Amino acid sequence: MHNSHFSRAFLMPFMLLMMIFVVSGCGDKEPAQRKAFMDFLQSRILDKPVLAVPQLTQAQTKEFGDYSKDYAIITGFHHQMNIELDSSLVPVFAGMNGVNSVNNLLDQRDDLKKMADSSANWKEKIVLLKTQADTQHAALKQPDDLKKVYDQAYEKTISKPAAVTEQVFDLLPQVLNLIVAKADFIKSQGKNVTITGNRLQFANQKQLDKYNAIQQQLVPLNAQLMQLSRQMQQMVR
């Protein structure tokens, strides 16, 4: 009985020493993991002229340790954003690009109106994704040297793409509704307008002026939308 008590008393501090050794051993890996992660963010994201969000290999995930979870905030945001864009913008731009004549515009009017109505809610989804990412970002506990690099990567991969996408979704309903308004106006003219391919001839100047007023609103907004969409395509991958 005495020996059993002695062995337990002896083993307890030994086990504590083992636990301290294991914990300190894991802690010793942190500087190397942090440096590897910082180098990755710098070389694979910040130093690149265009935005890319590479997926981590198994080796990189192991090399970065828990910091791979910090990177998952970025990849998770882009994965969800790509899903949203594929289901919203891709069919809309395909539909808009398919309008290559006045008669085609009139035929596609109802589909364009549905897109216009739906697009009014698309910005909310991007705002929600950005808010979720911002909340996760704010909760991170990072050493100062890593935080500086990570914050720059976060700005490039999440903050800027989200801002451009939100601008696209602000403009899109306006552009689509003006295209629909143009179709409705043309249709309302009946025999007072002659359609030849992409050319329109109105019966009088007053009707032409009304049509031109819609065009004057639409053309600059559409040009701005196209410019932003090109920016977005370069930023979101």
# chains A, B, ... in the order shown; residues from 1 in each chain; ligands from 1
$ select_by_dssp --residues "range 55-154 of chain A" --states "helix (DSSP H, G or I)" --output "VMD selection string"
chain A and resid 58 to 64 67 to 97 102 to 107 109 to 119 122 to 138 144 to 154
$ write_last_selection --atoms "C-alpha atoms" --output "short mmCIF file (atom, residue, chain, number, x, y, z; two decimals), in the first residue's frame"
data_model
loop_
_atom_site.label_atom_id
_atom_site.label_comp_id
_atom_site.auth_asym_id
_atom_site.auth_seq_id
_atom_site.Cartn_x
_atom_site.Cartn_y
_atom_site.Cartn_z
CA GLN A 58 -2.40 19.78 -47.32
CA ALA A 59 1.28 20.55 -46.77
CA GLN A 60 0.57 24.28 -46.42
CA THR A 61 -2.33 23.66 -44.06
CA LYS A 62 0.00 21.64 -41.84
CA GLU A 63 2.81 24.17 -42.19
CA PHE A 64 0.60 27.11 -41.13
CA TYR A 67 -3.21 30.12 -38.95
CA SER A 68 -4.74 28.11 -41.79
CA LYS A 69 -8.07 28.86 -40.06
CA ASP A 70 -7.36 32.58 -40.44
CA TYR A 71 -6.90 32.04 -44.16
CA ALA A 72 -10.15 30.06 -44.32
CA ILE A 73 -12.01 33.34 -43.67
CA ILE A 74 -10.70 34.63 -47.01
CA THR A 75 -11.30 31.45 -49.02
CA GLY A 76 -14.74 30.98 -47.45
CA PHE A 77 -15.80 34.49 -48.44
CA HIS A 78 -14.67 34.00 -52.03
CA HIS A 79 -16.34 30.63 -52.31
CA GLN A 80 -19.68 32.07 -51.18
CA MET A 81 -19.32 35.19 -53.31
CA ASN A 82 -18.60 33.13 -56.42
CA ILE A 83 -21.76 31.10 -55.79
CA GLU A 84 -23.80 34.31 -55.52
CA LEU A 85 -22.30 35.82 -58.67
CA ASP A 86 -22.70 32.64 -60.71
CA SER A 87 -26.40 32.51 -59.84
CA SER A 88 -27.07 36.22 -60.36
CA LEU A 89 -24.71 38.19 -62.57
CA VAL A 90 -23.77 35.44 -65.02
CA PRO A 91 -27.34 34.88 -66.32
CA VAL A 92 -28.11 38.61 -66.25
CA PHE A 93 -25.10 39.60 -68.35
CA ALA A 94 -25.81 36.69 -70.69
CA GLY A 95 -29.35 38.01 -71.09
CA MET A 96 -28.21 41.60 -71.63
CA ASN A 97 -25.58 40.54 -74.17
CA VAL A 102 -34.71 46.17 -81.22
CA ASN A 103 -37.10 43.28 -81.88
CA ASN A 104 -34.97 41.07 -79.67
CA LEU A 105 -35.20 43.70 -76.93
CA LEU A 106 -38.99 43.69 -77.18
CA ASP A 107 -39.08 39.88 -77.10
CA ARG A 109 -38.66 42.56 -72.17
CA ASP A 110 -40.43 40.34 -69.61
CA ASP A 111 -37.27 38.38 -68.77
CA LEU A 112 -35.35 41.63 -68.32
CA LYS A 113 -38.08 42.94 -66.00
CA LYS A 114 -37.82 39.80 -63.84
CA MET A 115 -34.04 40.28 -63.65
CA ALA A 116 -34.51 43.93 -62.70
CA ASP A 117 -36.89 43.01 -59.88
CA SER A 118 -34.63 40.20 -58.59
CA SER A 119 -31.43 42.27 -58.78
CA TRP A 122 -28.68 40.91 -54.59
CA LYS A 123 -26.64 43.57 -52.83
CA GLU A 124 -28.05 42.47 -49.45
CA LYS A 125 -26.47 39.02 -49.85
CA ILE A 126 -23.02 40.49 -50.53
CA VAL A 127 -23.36 42.87 -47.58
CA LEU A 128 -24.25 39.90 -45.36
CA LEU A 129 -21.24 37.87 -46.55
CA LYS A 130 -18.96 40.86 -45.94
CA THR A 131 -20.43 41.43 -42.47
CA GLN A 132 -19.87 37.78 -41.54
CA ALA A 133 -16.26 37.95 -42.74
CA ASP A 134 -15.68 41.24 -40.88
CA THR A 135 -17.00 39.69 -37.67
CA GLN A 136 -14.64 36.72 -38.01
CA HIS A 137 -11.76 39.06 -38.87
CA ALA A 138 -12.39 41.26 -35.83
CA ASP A 144 1.23 42.48 -34.52
CA ASP A 145 3.60 41.49 -37.33
CA LEU A 146 1.12 38.98 -38.77
CA LYS A 147 -1.86 41.29 -38.22
CA LYS A 148 -0.23 43.97 -40.37
CA VAL A 149 0.27 41.60 -43.32
CA TYR A 150 -3.07 39.80 -42.86
CA ASP A 151 -5.02 43.07 -42.72
CA GLN A 152 -3.49 44.12 -46.05
CA ALA A 153 -4.39 40.75 -47.58
CA TYR A 154 -7.91 41.04 -46.17
#
$ closest_atom_pairs --of "range 118-188 of chain A" --to "range 224-235 of chain A" --cutoff "12 Å" --atoms "only C-alpha atoms" --output "CSV"
residue,atom,partner,partner_atom,distance
A:Glu155,CA,A:Met235,CA,11.6
A:Lys156,CA,A:Met235,CA,8.5
A:Thr157,CA,A:Met235,CA,7.6
A:Ile158,CA,A:Met235,CA,9.3
A:Ser159,CA,A:Met235,CA,10.7
A:Lys160,CA,A:Met235,CA,8.1
A:Pro161,CA,A:Met235,CA,5.8
A:Ala162,CA,A:Met232,CA,8.9
A:Ala163,CA,A:Met232,CA,9.5
A:Val164,CA,A:Met232,CA,6.2
A:Thr165,CA,A:Met232,CA,6.4
A:Glu166,CA,A:Leu228,CA,10.0
A:Gln167,CA,A:Leu228,CA,7.5
A:Val168,CA,A:Leu225,CA,6.1
A:Phe169,CA,A:Leu225,CA,9.0
A:Asp170,CA,A:Leu225,CA,9.3
A:Leu171,CA,A:Leu225,CA,6.3
A:Leu172,CA,A:Leu225,CA,7.0
A:Pro173,CA,A:Leu225,CA,10.5
A:Gln174,CA,A:Leu225,CA,10.0
A:Val175,CA,A:Leu225,CA,8.1
A:Leu176,CA,A:Leu225,CA,10.7
$ residues_around --residues "Gly190 in chain A" --least-positions-apart "5" --cutoff "12 Å" --atoms "only C-alpha atoms" --output "PyMOL selection string"
chain A and resi 183-185+195+201-203+207
$ write_last_selection --atoms "N, CA, C and O atoms" --output "CSV table (one decimal), in the first residue's frame"
chain,number,residue,atom,x,y,z
A,183,ALA,N,-37.8,49.6,-73.8
A,183,ALA,CA,-38.7,48.6,-74.5
A,183,ALA,C,-40.1,49.0,-74.4
A,183,ALA,O,-40.9,48.9,-75.4
A,184,ASP,N,-40.6,49.4,-73.2
A,184,ASP,CA,-42.0,49.7,-73.1
A,184,ASP,C,-42.3,51.0,-73.9
A,184,ASP,O,-43.5,51.0,-74.5
A,185,PHE,N,-41.4,51.9,-74.0
A,185,PHE,CA,-41.7,53.1,-74.8
A,185,PHE,C,-41.8,52.8,-76.3
A,185,PHE,O,-42.7,53.3,-76.9
A,195,ILE,N,-39.2,50.1,-87.1
A,195,ILE,CA,-38.0,49.4,-86.6
A,195,ILE,C,-37.3,48.7,-87.8
A,195,ILE,O,-37.9,47.9,-88.6
A,201,GLN,N,-37.1,54.8,-86.3
A,201,GLN,CA,-37.5,56.1,-86.8
A,201,GLN,C,-38.9,56.4,-86.3
A,201,GLN,O,-39.9,55.7,-86.5
A,202,PHE,N,-38.9,57.5,-85.5
A,202,PHE,CA,-40.2,57.9,-84.9
A,202,PHE,C,-40.9,58.9,-85.8
A,202,PHE,O,-40.4,59.6,-86.7
A,203,ALA,N,-42.2,58.9,-85.6
A,203,ALA,CA,-43.1,59.7,-86.5
A,203,ALA,C,-42.9,61.2,-86.3
A,203,ALA,O,-43.1,62.0,-87.2
A,207,GLN,N,-41.6,62.4,-79.9
A,207,GLN,CA,-41.4,61.0,-79.5
A,207,GLN,C,-40.0,60.7,-79.5
A,207,GLN,O,-39.5,60.0,-78.6
$ atom_distance --atom1 "CA of Leu200 in chain A" --atom2 "CA of Ile186 in chain A"
8.8 Å
$ closest_residue --among "A:Arg199, A:Asp28, A:Lys182, A:Gln189" --to "Val219 in chain A" --atoms "only C-alpha atoms"
A:Lys182
$ closest_residue --among "A:Lys29, A:Gly98, A:Asn121, A:Asp47" --to "Gly65 in chain A" --atoms "only C-alpha atoms"
A:Lys29
